[in-house]
>>> print(open('query-v5.cif').read())   # mmCIF, C-alpha atoms
data_model
#
loop_
_atom_site.label_atom_id
_atom_site.label_comp_id
_atom_site.auth_asym_id
_atom_site.auth_seq_id
_atom_site.Cartn_x
_atom_site.Cartn_y
_atom_site.Cartn_z
CA MET A 292 0.00 0.00 0.00
CA LEU A 293 1.36 3.40 -1.00
CA SER A 294 1.95 5.57 2.05
CA VAL A 295 1.67 9.35 1.93
CA SER A 296 3.88 11.32 4.27
CA ARG A 297 2.78 14.35 6.26
CA LEU A 298 4.95 16.53 4.01
CA GLN A 299 3.27 15.22 0.87
CA ARG A 300 -0.19 15.81 2.32
CA ARG A 301 0.77 19.38 3.14
CA GLN A 302 2.24 19.89 -0.32
CA VAL A 303 -0.95 18.68 -2.00
CA CYS A 304 -3.09 20.82 0.32
CA THR A 305 -1.02 23.93 -0.40
CA PHE A 306 -1.03 23.25 -4.14
CA ILE A 307 -4.82 22.87 -4.25
CA LEU A 308 -5.52 25.81 -1.95
CA THR A 309 -3.28 28.26 -3.79
CA TRP A 310 -4.61 26.98 -7.14
CA VAL A 311 -8.20 27.57 -6.03
CA ALA A 312 -7.33 30.91 -4.42
CA TYR A 313 -5.82 32.42 -7.54
CA ALA A 314 -8.38 30.85 -9.88
CA SER A 315 -11.16 32.37 -7.77
CA THR A 316 -9.91 35.90 -8.45
CA TYR A 317 -11.13 35.52 -12.02
CA LEU A 318 -14.68 35.00 -10.77
CA VAL A 319 -14.77 38.72 -9.97
CA ARG A 320 -12.52 39.77 -12.86
CA LYS A 321 -14.00 38.08 -15.94
CA PRO A 322 -17.66 39.21 -15.62
CA LEU A 323 -16.72 42.68 -16.91
CA GLY A 324 -15.79 41.25 -20.32
CA VAL A 325 -19.04 39.25 -20.50
CA ILE A 326 -21.40 42.14 -19.68
CA LYS A 327 -19.85 44.84 -21.88
CA THR A 328 -22.63 44.48 -24.44
CA ASP A 329 -25.21 45.00 -21.68
CA LEU A 330 -23.34 47.98 -20.27
CA SER A 331 -23.25 49.47 -23.76
CA SER A 332 -26.93 48.91 -24.54
CA GLU A 333 -28.50 49.60 -21.12
CA LEU A 334 -26.19 52.25 -19.69
CA GLY A 335 -25.24 53.82 -23.03
CA LEU A 336 -21.49 53.45 -22.57
CA SER A 337 -19.24 53.91 -25.61
CA LYS A 338 -16.41 51.53 -26.49
CA THR A 339 -13.92 54.05 -25.17
CA GLN A 340 -15.77 54.24 -21.83
CA LEU A 341 -15.84 50.46 -21.68
CA GLY A 342 -12.09 50.52 -22.23
CA TRP A 343 -11.68 52.88 -19.29
CA LEU A 344 -13.63 50.47 -17.11
CA ASP A 345 -10.94 47.89 -17.93
CA THR A 346 -8.29 50.41 -16.99
CA SER A 347 -9.99 51.21 -13.68
CA MET A 348 -9.47 47.63 -12.56
CA LEU A 349 -6.20 46.79 -14.27
CA LEU A 350 -4.22 49.97 -13.46
CA PRO A 351 -4.13 49.40 -9.67
CA TYR A 352 -3.67 45.67 -10.25
CA ALA A 353 -0.47 46.42 -12.15
CA THR A 354 1.02 49.28 -10.16
CA MET A 355 0.24 47.92 -6.70
CA GLN A 356 2.03 44.65 -7.51
CA MET A 357 5.25 46.56 -8.12
CA ILE A 358 4.86 48.88 -5.13
CA LEU A 359 3.40 46.45 -2.58
CA GLY A 360 5.11 43.28 -3.83
CA PRO A 361 7.33 42.97 -0.72
CA MET A 362 4.27 42.83 1.60
CA ALA A 363 4.05 39.04 1.43
CA ASP A 364 7.79 38.80 2.09
CA ARG A 365 7.38 40.99 5.16
CA TYR A 366 4.03 39.88 6.64
CA GLY A 367 3.67 36.37 5.22
CA ALA A 368 1.61 34.99 2.36
CA ARG A 369 -1.31 33.63 4.42
CA CYS A 370 -2.47 36.85 6.07
CA THR A 371 -1.77 38.99 3.01
CA LEU A 372 -3.66 36.66 0.67
CA THR A 373 -6.61 36.35 3.04
CA TRP A 374 -7.13 40.11 3.22
CA CYS A 375 -6.70 40.45 -0.54
CA LEU A 376 -9.48 37.95 -1.28
CA LEU A 377 -11.88 39.38 1.29
CA LEU A 378 -11.37 42.97 0.10
CA SER A 379 -11.74 41.91 -3.54
CA ALA A 380 -15.08 40.27 -2.79
CA ALA A 381 -16.35 43.24 -0.78
CA SER A 382 -15.39 45.79 -3.43
CA VAL A 383 -17.66 44.51 -6.23
CA VAL A 384 -20.44 42.65 -4.43
CA GLY A 385 -22.82 45.55 -5.17
CA PHE A 386 -21.64 46.30 -8.72
CA GLY A 387 -24.97 45.48 -10.37
CA THR A 388 -26.97 47.83 -8.16
CA LEU A 389 -25.33 51.00 -9.52
CA THR A 390 -25.45 52.82 -12.85
CA ASP A 391 -23.07 55.79 -12.58
CA VAL A 392 -19.97 55.05 -14.63
CA PHE A 393 -17.61 56.85 -12.23
CA VAL A 394 -18.89 54.88 -9.24
CA LEU A 395 -18.47 51.66 -11.21
CA MET A 396 -14.91 52.70 -12.02
CA MET A 397 -14.17 53.26 -8.31
CA MET A 398 -15.49 49.81 -7.41
CA LEU A 399 -13.35 48.20 -10.10
CA PHE A 400 -10.37 50.25 -8.92
CA MET A 401 -10.70 48.84 -5.40
CA ASN A 402 -11.04 45.34 -6.83
CA GLY A 403 -7.78 45.84 -8.72
CA VAL A 404 -5.96 47.05 -5.59
CA ALA A 405 -7.18 44.05 -3.61
CA GLN A 406 -6.19 41.54 -6.28
CA ALA A 407 -2.73 43.01 -6.87
CA GLN A 408 -1.02 40.85 -4.23
CA THR A 409 -2.79 37.57 -4.93
CA TRP A 410 -0.26 36.30 -7.50
CA PRO A 411 2.90 37.15 -5.48
CA CYS A 412 1.33 35.63 -2.36
CA CYS A 413 0.45 32.39 -4.12
CA VAL A 414 3.89 32.14 -5.77
CA LYS A 415 5.62 32.65 -2.42
CA ALA A 416 3.37 30.21 -0.56
CA LEU A 417 3.71 27.45 -3.16
CA GLY A 418 7.45 27.92 -3.71
CA ALA A 419 8.11 27.37 -0.01
CA TRP A 420 6.87 23.77 -0.21
CA TYR A 421 8.91 22.45 -3.17
CA SER A 422 12.60 21.99 -3.88
CA ASP A 423 14.37 23.91 -6.63
CA LYS A 424 14.40 20.85 -8.92
CA GLN A 425 10.62 20.45 -8.64
CA ARG A 426 9.68 24.06 -9.19
CA ASN A 427 9.45 24.16 -12.99
CA ALA A 428 7.21 21.12 -13.22
CA ILE A 429 5.07 22.12 -10.23
CA PHE A 430 4.64 25.73 -11.33
CA GLY A 431 3.83 24.59 -14.87
CA ILE A 432 0.90 22.50 -13.67
CA TRP A 433 -0.11 25.03 -11.02
CA GLY A 434 -0.14 27.80 -13.64
CA THR A 435 -3.24 26.27 -15.18
CA CYS A 436 -5.18 28.07 -12.44
CA THR A 437 -4.91 31.37 -14.32
CA PHE A 438 -6.62 30.02 -17.41
CA ALA A 439 -8.93 27.54 -15.73
CA GLY A 440 -10.03 30.40 -13.50
CA GLY A 441 -10.74 32.49 -16.58
CA ILE A 442 -12.83 29.70 -18.07
CA MET A 443 -14.77 29.24 -14.86
CA GLY A 444 -15.17 33.00 -14.43
CA THR A 445 -16.53 33.43 -17.95
CA GLY A 446 -18.75 30.34 -17.80
CA LEU A 447 -20.23 31.34 -14.44
CA ALA A 448 -20.80 34.91 -15.61
CA VAL A 449 -22.52 33.73 -18.80
CA HIS A 450 -24.75 31.39 -16.77
CA ILE A 451 -25.70 34.08 -14.25
CA GLN A 452 -26.25 36.60 -17.05
CA ARG A 453 -28.62 34.22 -18.81
CA MET A 454 -30.49 33.12 -15.67
CA TYR A 455 -30.62 36.29 -13.56
CA GLY A 456 -29.48 39.17 -15.78
CA TRP A 457 -26.22 41.08 -15.96
CA ARG A 458 -26.73 42.90 -12.67
CA SER A 459 -26.12 39.69 -10.72
CA VAL A 460 -22.89 38.57 -12.39
CA PHE A 461 -20.63 40.05 -9.68
CA PHE A 462 -22.78 39.25 -6.63
CA TYR A 463 -22.65 35.45 -6.46
CA PRO A 464 -18.96 35.16 -7.45
CA SER A 465 -18.09 37.64 -4.69
CA LEU A 466 -19.55 35.28 -2.10
CA ILE A 467 -17.41 32.43 -3.43
CA VAL A 468 -14.23 34.51 -3.31
CA ALA A 469 -14.93 35.53 0.29
CA ALA A 470 -15.37 31.87 1.25
CA VAL A 471 -12.04 30.98 -0.38
CA GLY A 472 -10.38 33.77 1.59
CA ALA A 473 -11.61 32.17 4.82
CA LEU A 474 -10.17 28.79 3.76
CA VAL A 475 -6.80 30.40 3.05
CA TYR A 476 -6.67 31.91 6.53
CA PHE A 477 -7.36 28.61 8.28
CA PHE A 478 -5.34 26.18 6.16
CA LEU A 479 -2.45 27.89 4.32
CA TYR A 480 0.80 27.50 6.24
CA THR A 481 4.54 27.41 5.50
CA PRO A 482 6.70 24.33 6.23
CA TRP A 483 8.45 25.98 9.18
CA GLU A 484 5.11 26.99 10.72
CA VAL A 485 4.10 23.33 10.96
CA GLY A 486 7.57 22.01 11.83
CA LEU A 487 8.47 20.41 8.48
CA ASP A 488 11.61 20.52 6.33
CA VAL A 489 11.50 20.23 2.53
CA PRO A 490 14.28 17.92 1.22
CA GLY A 491 16.57 19.62 -1.29
CA LYS A 492 15.46 23.10 -0.25
CA ASP A 493 17.56 25.70 1.53
CA SER A 494 16.13 26.17 4.99
CA ASP A 495 18.02 29.38 5.72
CA PRO A 496 15.75 31.72 7.73
CA VAL A 497 16.11 34.50 5.18
CA SER A 498 13.79 32.63 2.84
CA LYS A 499 11.06 32.35 5.41
CA GLY A 500 7.93 34.44 5.07
CA GLY A 501 7.58 37.37 7.39
CA ASN A 502 11.28 38.24 7.43
CA ASN A 503 11.79 42.01 7.60
CA SER A 504 14.82 42.06 5.27
CA SER A 505 12.81 42.12 2.03
CA LEU A 506 14.14 44.15 -0.90
CA LYS A 507 12.87 47.64 -1.56
CA PHE A 508 11.31 48.62 -4.88
CA TRP A 509 14.35 50.51 -6.18
CA GLN A 510 16.67 47.63 -5.26
CA LEU A 511 14.79 45.33 -7.62
CA LEU A 512 15.75 47.46 -10.60
CA GLY A 513 19.39 46.40 -10.28
CA ILE A 514 18.70 42.66 -10.70
CA LYS A 515 20.09 41.48 -14.01
CA MET A 516 17.70 40.09 -16.64
CA LEU A 517 14.71 41.51 -14.75
CA PRO A 518 14.07 44.35 -17.26
CA GLU A 519 13.97 41.98 -20.25
CA LEU A 520 11.63 39.57 -18.51
CA ALA A 521 9.35 42.38 -17.33
CA ALA A 522 9.19 43.87 -20.84
CA THR A 523 8.36 40.47 -22.34
CA VAL A 524 5.49 39.96 -19.93
CA PHE A 525 4.34 43.54 -20.61
CA PHE A 526 3.82 42.91 -24.33
CA VAL A 527 2.54 39.36 -23.89
CA LYS A 528 -0.14 40.61 -21.51
CA ILE A 529 -1.26 43.36 -23.85
CA VAL A 530 -2.17 40.69 -26.39
CA ARG A 531 -3.66 38.36 -23.80
CA TYR A 532 -5.95 40.91 -22.21
CA CYS A 533 -7.02 42.31 -25.55
CA LEU A 534 -8.44 38.86 -26.23
CA LEU A 535 -9.69 38.18 -22.70
CA MET A 536 -11.56 41.47 -22.39
CA TRP A 537 -12.72 42.07 -25.97
CA LEU A 538 -13.07 38.70 -27.70
CA PRO A 539 -16.71 38.12 -26.62
CA MET A 540 -17.71 41.53 -28.01
CA TYR A 541 -15.76 40.90 -31.25
CA LEU A 542 -17.45 37.52 -31.76
CA PHE A 543 -20.87 39.08 -31.12
CA GLN A 544 -20.53 42.22 -33.24
CA GLU A 545 -18.18 41.18 -36.04
CA LEU A 546 -18.82 37.45 -36.45
CA HIS A 547 -22.50 37.69 -35.43
CA TYR A 548 -22.67 34.96 -32.78
CA SER A 549 -25.29 35.21 -30.05
CA LYS A 550 -24.27 36.63 -26.66
CA ALA A 551 -24.18 33.17 -25.10
CA GLN A 552 -22.24 31.71 -28.03
CA ALA A 553 -19.75 34.58 -28.00
CA GLY A 554 -19.14 34.21 -24.27
CA LEU A 555 -18.62 30.45 -24.43
CA LEU A 556 -16.58 30.39 -27.66
CA SER A 557 -14.23 33.00 -26.22
CA THR A 558 -13.18 30.44 -23.59
CA SER A 559 -11.32 28.49 -26.32
CA PHE A 560 -8.46 30.96 -25.82
CA GLU A 561 -8.31 30.11 -22.12
CA ILE A 562 -8.67 26.38 -22.74
CA GLY A 563 -5.60 26.68 -24.94
CA GLY A 564 -3.89 28.52 -22.09
CA VAL A 565 -4.55 25.62 -19.72
CA LEU A 566 -3.08 23.13 -22.19
CA GLY A 567 -0.08 25.35 -22.90
CA SER A 568 0.72 25.93 -19.24
CA ALA A 569 0.50 22.24 -18.38
CA THR A 570 2.59 20.99 -21.33
CA LEU A 571 5.13 23.73 -22.05
CA GLY A 572 7.68 22.41 -19.55
CA VAL A 573 7.68 18.96 -21.18
CA PHE A 574 7.86 20.53 -24.65
CA ILE A 575 10.89 22.64 -23.71
CA ASP A 576 12.64 19.69 -22.04
CA LYS A 577 12.19 17.54 -25.15
CA MET A 578 12.72 20.08 -27.93
CA PHE A 579 15.12 22.57 -26.34
CA ARG A 580 16.89 20.41 -23.74
CA GLY A 581 15.51 22.47 -20.89
CA ASP A 582 16.49 25.85 -22.36
CA SER A 583 13.41 27.70 -21.12
CA LEU A 584 14.18 31.11 -22.57
CA GLN A 585 15.00 29.75 -26.02
CA GLY A 586 11.85 27.65 -25.93
CA THR A 587 9.75 30.60 -24.79
CA SER A 588 11.00 32.78 -27.66
CA THR A 589 9.96 30.10 -30.16
CA VAL A 590 6.56 29.66 -28.51
CA LEU A 591 5.85 33.39 -28.61
CA MET A 592 6.64 33.46 -32.32
CA LEU A 593 4.14 30.63 -32.80
CA SER A 594 1.58 32.71 -30.91
CA THR A 595 2.03 35.49 -33.47
CA LEU A 596 1.50 33.05 -36.34
CA ALA A 597 -1.65 31.70 -34.68
CA LEU A 598 -3.06 35.24 -34.42
CA ILE A 599 -2.42 35.79 -38.12
CA MET A 600 -4.18 32.54 -38.98
CA PHE A 601 -7.17 33.44 -36.80
CA LEU A 602 -7.55 36.76 -38.62
CA LEU A 603 -7.28 35.10 -42.05
CA THR A 604 -9.82 32.37 -41.22
CA SER A 605 -12.21 34.32 -38.98
CA SER A 606 -15.10 33.99 -41.46
CA TRP A 607 -14.68 30.22 -41.88
CA GLY A 608 -16.91 29.26 -38.97
CA ILE A 609 -16.75 27.88 -35.45
CA PRO A 610 -14.22 25.03 -35.97
CA PHE A 611 -11.52 27.34 -37.35
CA ASN A 612 -12.31 30.10 -34.83
CA VAL A 613 -11.96 27.67 -31.93
CA MET A 614 -8.85 25.96 -33.30
CA PHE A 615 -6.78 29.10 -33.87
CA MET A 616 -7.95 30.81 -30.70
CA MET A 617 -6.97 27.69 -28.78
CA LEU A 618 -3.53 27.65 -30.43
CA THR A 619 -3.08 31.35 -29.68
CA GLY A 620 -3.96 30.66 -26.05
CA MET A 621 -1.48 27.78 -25.85
CA PHE A 622 1.43 29.79 -27.22
CA ASN A 623 0.62 33.12 -25.57
CA CYS A 624 -0.34 31.86 -22.11
CA GLY A 625 1.89 28.80 -21.84
CA PRO A 626 5.12 30.66 -20.96
CA ASP A 627 3.41 32.84 -18.35
CA VAL A 628 4.11 30.70 -15.31
CA ILE A 629 7.80 30.38 -16.24
CA LEU A 630 8.18 34.13 -16.70
CA THR A 631 6.21 35.19 -13.61
CA GLY A 632 6.35 32.19 -11.26
CA SER A 633 9.22 29.73 -11.41
CA LEU A 634 11.91 32.14 -12.61
CA PRO A 635 11.09 34.91 -10.08
CA THR A 636 11.14 32.33 -7.31
CA GLN A 637 14.64 31.24 -8.29
CA LEU A 638 15.81 34.83 -8.69
CA GLY A 639 14.41 35.51 -5.22
CA ASP A 640 16.63 32.77 -3.77
CA ARG A 641 19.87 34.06 -5.24
CA ASP A 642 22.50 35.54 -2.93
CA GLY A 643 20.34 34.99 0.16
CA ARG A 644 17.59 37.35 -1.00
CA ASN A 645 14.18 37.34 0.63
CA ALA A 646 12.45 38.55 -2.51
CA HIS A 647 10.21 35.82 -3.91
CA ALA A 648 7.03 37.89 -3.78
CA ALA A 649 8.81 41.17 -4.58
CA ILE A 650 10.41 39.90 -7.81
CA SER A 651 7.30 38.03 -8.88
CA GLY A 652 5.20 41.11 -8.15
CA PHE A 653 7.56 43.37 -10.09
CA ILE A 654 7.62 41.18 -13.23
CA ASN A 655 3.91 40.41 -13.15
CA GLY A 656 3.04 43.97 -12.12
CA PHE A 657 5.11 45.65 -14.82
CA GLY A 658 3.68 43.17 -17.31
CA SER A 659 0.21 44.01 -16.10
CA VAL A 660 0.74 47.65 -17.06
CA GLY A 661 0.13 46.29 -20.56
CA THR A 662 -3.31 45.14 -19.46
CA VAL A 663 -4.01 48.71 -18.33
CA LEU A 664 -3.07 50.23 -21.66
CA GLN A 665 -4.94 47.76 -23.82
CA GLY A 666 -8.38 48.96 -22.65
CA PRO A 667 -8.47 52.49 -24.06
CA ILE A 668 -6.11 51.60 -26.94
CA ILE A 669 -8.24 48.73 -28.22
CA GLY A 670 -11.44 50.71 -27.67
CA ALA A 671 -10.06 53.59 -29.74
CA ILE A 672 -8.63 51.34 -32.48
CA ALA A 673 -11.93 49.46 -32.77
CA GLU A 674 -13.83 52.73 -33.17
CA TRP A 675 -11.39 54.31 -35.65
CA TYR A 676 -10.17 51.35 -37.71
CA GLY A 677 -12.62 48.54 -36.96
CA TRP A 678 -12.00 45.15 -35.40
CA GLU A 679 -9.50 44.15 -38.10
CA GLY A 680 -7.24 46.98 -36.97
CA THR A 681 -7.17 45.55 -33.44
CA PHE A 682 -5.75 42.28 -34.74
CA TYR A 683 -3.02 44.02 -36.72
CA PHE A 684 -2.10 45.80 -33.49
CA MET A 685 -1.95 42.54 -31.50
CA ILE A 686 0.21 40.86 -34.15
CA VAL A 687 2.79 43.67 -34.03
CA VAL A 688 2.84 43.66 -30.20
CA SER A 689 3.32 39.89 -30.14
CA LEU A 690 6.36 40.28 -32.40
CA VAL A 691 7.83 42.87 -30.03
CA ALA A 692 7.40 40.43 -27.12
CA THR A 693 9.42 37.86 -29.06
CA ILE A 694 12.22 40.39 -29.55
CA CYS A 695 12.31 41.14 -25.81
CA ILE A 696 12.62 37.49 -24.80
CA CYS A 697 15.39 37.04 -27.37
CA ARG A 698 17.19 39.90 -25.64
CA ALA A 699 16.80 38.03 -22.34
CA VAL A 700 18.38 34.97 -23.96
CA MET A 701 21.41 37.08 -24.89
CA THR A 702 21.82 38.60 -21.41
CA ARG A 703 20.88 35.64 -19.22
CA GLN A 704 22.92 34.71 -16.17
CA ASP A 705 23.66 31.35 -14.53
CA LEU A 706 20.66 30.79 -12.26
CA PRO A 707 20.08 28.07 -9.66
CA GLY A 708 17.83 25.17 -10.60
CA GLY A 709 18.64 25.16 -14.29
CA LEU A 710 15.66 27.25 -15.40
CA VAL A 711 17.81 29.02 -17.95
CA ARG A 712 21.04 27.80 -19.48
#
>>> encode(input="query-v5.cif", output="structure tokens")
Amino acid sequence: MLSVSRLQRRQVCTFILTWVAYASTYLVRKPLGVIKTDLSSELGLSKTQLGWLDTSMLLPYATMQMILGPMADRYGARCTLTWCLLLSAASVVGFGTLTDVFVLMMMLFMNGVAQAQTWPCCVKALGAWYSDKQRNAIFGIWGTCTFAGGIMGTGLAVHIQRMYGWRSVFFYPSLIVAAVGALVYFFLYTPWEVGLDVPGKDSDPVSKGGNNSSLKFWQLLGIKMLPELAATVFFVKIVRYCLLMWLPMYLFQELHYSKAQAGLLSTSFEIGGVLGSATLGVFIDKMFRGDSLQGTSTVLMLSTLALIMFLLTSSWGIPFNVMFMMLTGMFNCGPDVILTGSLPTQLGDRDGRNAHAAISGFINGFGSVGTVLQGPIIGAIAEWYGWEGTFYFMIVVSLVATICICRAVMTRQDLPGGLVR
């Protein structure tokens, strides 16, 4: 009979809890993309105003990650993550009861602030339980939470929209997120808090959560290869959030699907993201002998090609729409967990740093600035040049992301754990 040690049980528990915690954030993030058509028709909002709603949520999400990233290093992942989830739920629970666009923007702003620390907290909490050699594989599988959460967030929002109307799409998900926050508080612990050691992992106290020696914001800027990685994530996320936030509206208005069809078909991009995140590590090991940066540069180029093919075949029907959106999701989203999870964790361990959450927050936060800019930019491009112009824009941006990761390949350093070569 196969025995499971106390350490393994704790590892599985932490994996599942952090997976669920981060996935749940999309339950109060994705509804905005689903209800844009309703906001336009019932509240009379223009595409540019809808773009600014995106910005209201994504701007604080991006900037607060960079500024407040060290919080989890200083106060611990459990308490920080708990408060983030509870505040996120409270900020948008009453979204559907209001109609003033500026009040809606303030609610989304507070949601963005609350969610800013969820990724760094989860990365820090999960990284504490696994050795350096396990991190790439573990983070690759764990990274599916970002895209699975998007699928669940969209699917739940579409269901609530159809059954109860758009004004309820934030209410019920907020209750779920609050419940997850309570679970995090009661069950998410570090190995040293429960008296366990992780084999093959440095147990030096500097790596323990809650240590007061975390790096300051300006100190992060001197870490080599950080600018190239942050710039890559910046451009990758512009493309990703263009599709996440606008694809349902594009499918409805340009390709003439129903609202329900548009919402559900748009999840093909996120389904591709799940597949890409789970399989990219194996693909890189087999095809590039573990050279993650070289593999990522190739994958991002394939993402650009998939976008081109989607644009060329957009009028060919559902099978082609789903296929090329799924491929775009695989190649755009697959490298995300390497760029913002596993690699920052290893950089955070170098030279005795206590900077897991800070580095992860900086890379993911700077990258998320791209999600802020895409809202008004895509809204304006769609109004001035039509939906086809938005795809030309995304193709160019995807190419720039490939150039940035190639620059990282040229300037890479010897890192622990063999993430880059």
>>> closest_residue(input="query-v5.cif", among="A:Leu318, A:Leu555, A:Leu591, A:Val485", to="Phe543 (chain A)", atoms="all atoms listed in the file")
A:Leu555
>>> closest_residue(input="query-v5.cif", among="A:Met362, A:Thr409, A:Val414, A:Phe601", to="Ile429 (chain A)", atoms="all atoms listed in the file")
A:Val414
>>> closest_residue(input="query-v5.cif", among="A:Thr346, A:Gln340, A:Thr328, A:Thr619", to="Leu664 (chain A)", atoms="only C-alpha atoms")
A:Thr346
>>> resolve_selection(input="query-v5.cif", expression="the PyMOL selection byres ((chain A and resi 522-531) around 9)", output="JSON, numbers by chain")
{"A": [517, 518, 519, 520, 521, 532, 533, 534, 535, 536, 591, 620, 623, 624, 627, 630, 631, 654, 655, 656, 657, 658, 659, 660, 661, 662, 663, 664, 665, 684, 685, 686, 688, 689, 690, 691, 692, 693, 694, 695, 696, 699]}
>>> atom_distance(input="query-v5.cif", atom1="CA of Ser332 (chain A)", atom2="CA of Pro610 (chain A)")
29.4 Å
>>> closest_residue(input="query-v5.cif", among="A:Trp457, A:Trp537, A:Phe682, A:Phe579", to="Thr388 (chain A)", atoms="only C-alpha atoms")
A:Trp457
>>> resolve_selection(input="query-v5.cif", expression="the PyMOL selection byres ((chain A and resi 456) around 12)", output="compact mmCIF listing (two decimals) with C-alpha atoms, keeping the file's coordinate frame")
# COMPACT_ATOMS: atom_id res chain seq x y z
CA PRO A 322 -17.66 39.21 -15.62
CA VAL A 325 -19.04 39.25 -20.50
CA ILE A 326 -21.40 42.14 -19.68
CA ASP A 329 -25.21 45.00 -21.68
CA LEU A 330 -23.34 47.98 -20.27
CA GLU A 333 -28.50 49.60 -21.12
CA GLY A 387 -24.97 45.48 -10.37
CA THR A 388 -26.97 47.83 -8.16
CA ALA A 448 -20.80 34.91 -15.61
CA VAL A 449 -22.52 33.73 -18.80
CA HIS A 450 -24.75 31.39 -16.77
CA ILE A 451 -25.70 34.08 -14.25
CA GLN A 452 -26.25 36.60 -17.05
CA ARG A 453 -28.62 34.22 -18.81
CA MET A 454 -30.49 33.12 -15.67
CA TYR A 455 -30.62 36.29 -13.56
CA TRP A 457 -26.22 41.08 -15.96
CA ARG A 458 -26.73 42.90 -12.67
CA SER A 459 -26.12 39.69 -10.72
CA VAL A 460 -22.89 38.57 -12.39
CA PHE A 461 -20.63 40.05 -9.68
CA PHE A 462 -22.78 39.25 -6.63
>>> closest_residue(input="query-v5.cif", among="A:Thr305, A:Gln408, A:Ser594, A:Ser583", to="Met355 (chain A)", atoms="only C-alpha atoms")
A:Gln408
>>> atom_distance(input="query-v5.cif", atom1="CA of Trp410 (chain A)", atom2="CA of Phe560 (chain A)")
20.8 Å
>>> closest_residue(input="query-v5.cif", among="A:Ser379, A:Ser331, A:Thr390, A:Asn612", to="Pro464 (chain A)", atoms="all atoms listed in the file")
A:Ser379
>>> build_atoms(input="query-v5.cif", residues="region 671-675 of chain A", atoms="all heavy atoms", output="mmCIF file, keeping the file's coordinate frame")
data_model
loop_
_atom_site.group_PDB
_atom_site.id
_atom_site.type_symbol
_atom_site.label_atom_id
_atom_site.label_comp_id
_atom_site.auth_asym_id
_atom_site.auth_seq_id
_atom_site.Cartn_x
_atom_site.Cartn_y
_atom_site.Cartn_z
ATOM 1 N N ALA A 671 -10.248 52.556 -28.730
ATOM 2 C CA ALA A 671 -10.060 53.590 -29.740
ATOM 3 C C ALA A 671 -9.782 53.007 -31.119
ATOM 4 O O ALA A 671 -10.343 53.462 -32.127
ATOM 5 C CB ALA A 671 -8.899 54.505 -29.325
ATOM 6 N N ILE A 672 -8.939 51.972 -31.178
ATOM 7 C CA ILE A 672 -8.630 51.340 -32.480
ATOM 8 C C ILE A 672 -9.881 50.733 -33.089
ATOM 9 O O ILE A 672 -10.125 50.845 -34.297
ATOM 10 C CB ILE A 672 -7.530 50.271 -32.311
ATOM 11 C CG1 ILE A 672 -6.192 50.928 -31.985
ATOM 12 C CG2 ILE A 672 -7.401 49.430 -33.583
ATOM 13 C CD1 ILE A 672 -5.078 49.938 -31.692
ATOM 14 N N ALA A 673 -10.701 50.079 -32.256
ATOM 15 C CA ALA A 673 -11.930 49.460 -32.770
ATOM 16 C C ALA A 673 -12.886 50.505 -33.330
ATOM 17 O O ALA A 673 -13.567 50.258 -34.338
ATOM 18 C CB ALA A 673 -12.603 48.654 -31.657
ATOM 19 N N GLU A 674 -12.933 51.678 -32.685
ATOM 20 C CA GLU A 674 -13.830 52.730 -33.170
ATOM 21 C C GLU A 674 -13.290 53.399 -34.433
ATOM 22 O O GLU A 674 -14.052 53.738 -35.340
ATOM 23 C CB GLU A 674 -14.040 53.777 -32.076
ATOM 24 C CG GLU A 674 -14.943 53.312 -30.946
ATOM 25 C CD GLU A 674 -15.334 54.446 -30.008
ATOM 26 O OE1 GLU A 674 -14.661 55.498 -30.021
ATOM 27 O OE2 GLU A 674 -16.332 54.284 -29.280
ATOM 28 N N TRP A 675 -11.976 53.575 -34.528
ATOM 29 C CA TRP A 675 -11.390 54.310 -35.650
ATOM 30 C C TRP A 675 -11.098 53.427 -36.863
ATOM 31 O O TRP A 675 -11.284 53.848 -37.995
ATOM 32 C CB TRP A 675 -10.104 55.000 -35.213
ATOM 33 C CG TRP A 675 -10.297 56.040 -34.154
ATOM 34 C CD1 TRP A 675 -11.457 56.678 -33.816
ATOM 35 C CD2 TRP A 675 -9.295 56.557 -33.266
ATOM 36 N NE1 TRP A 675 -11.264 57.554 -32.789
ATOM 37 C CE2 TRP A 675 -9.933 57.518 -32.425
ATOM 38 C CE3 TRP A 675 -7.941 56.335 -33.092
ATOM 39 C CZ2 TRP A 675 -9.261 58.226 -31.445
ATOM 40 C CZ3 TRP A 675 -7.255 57.042 -32.113
ATOM 41 C CH2 TRP A 675 -7.914 57.978 -31.296
#
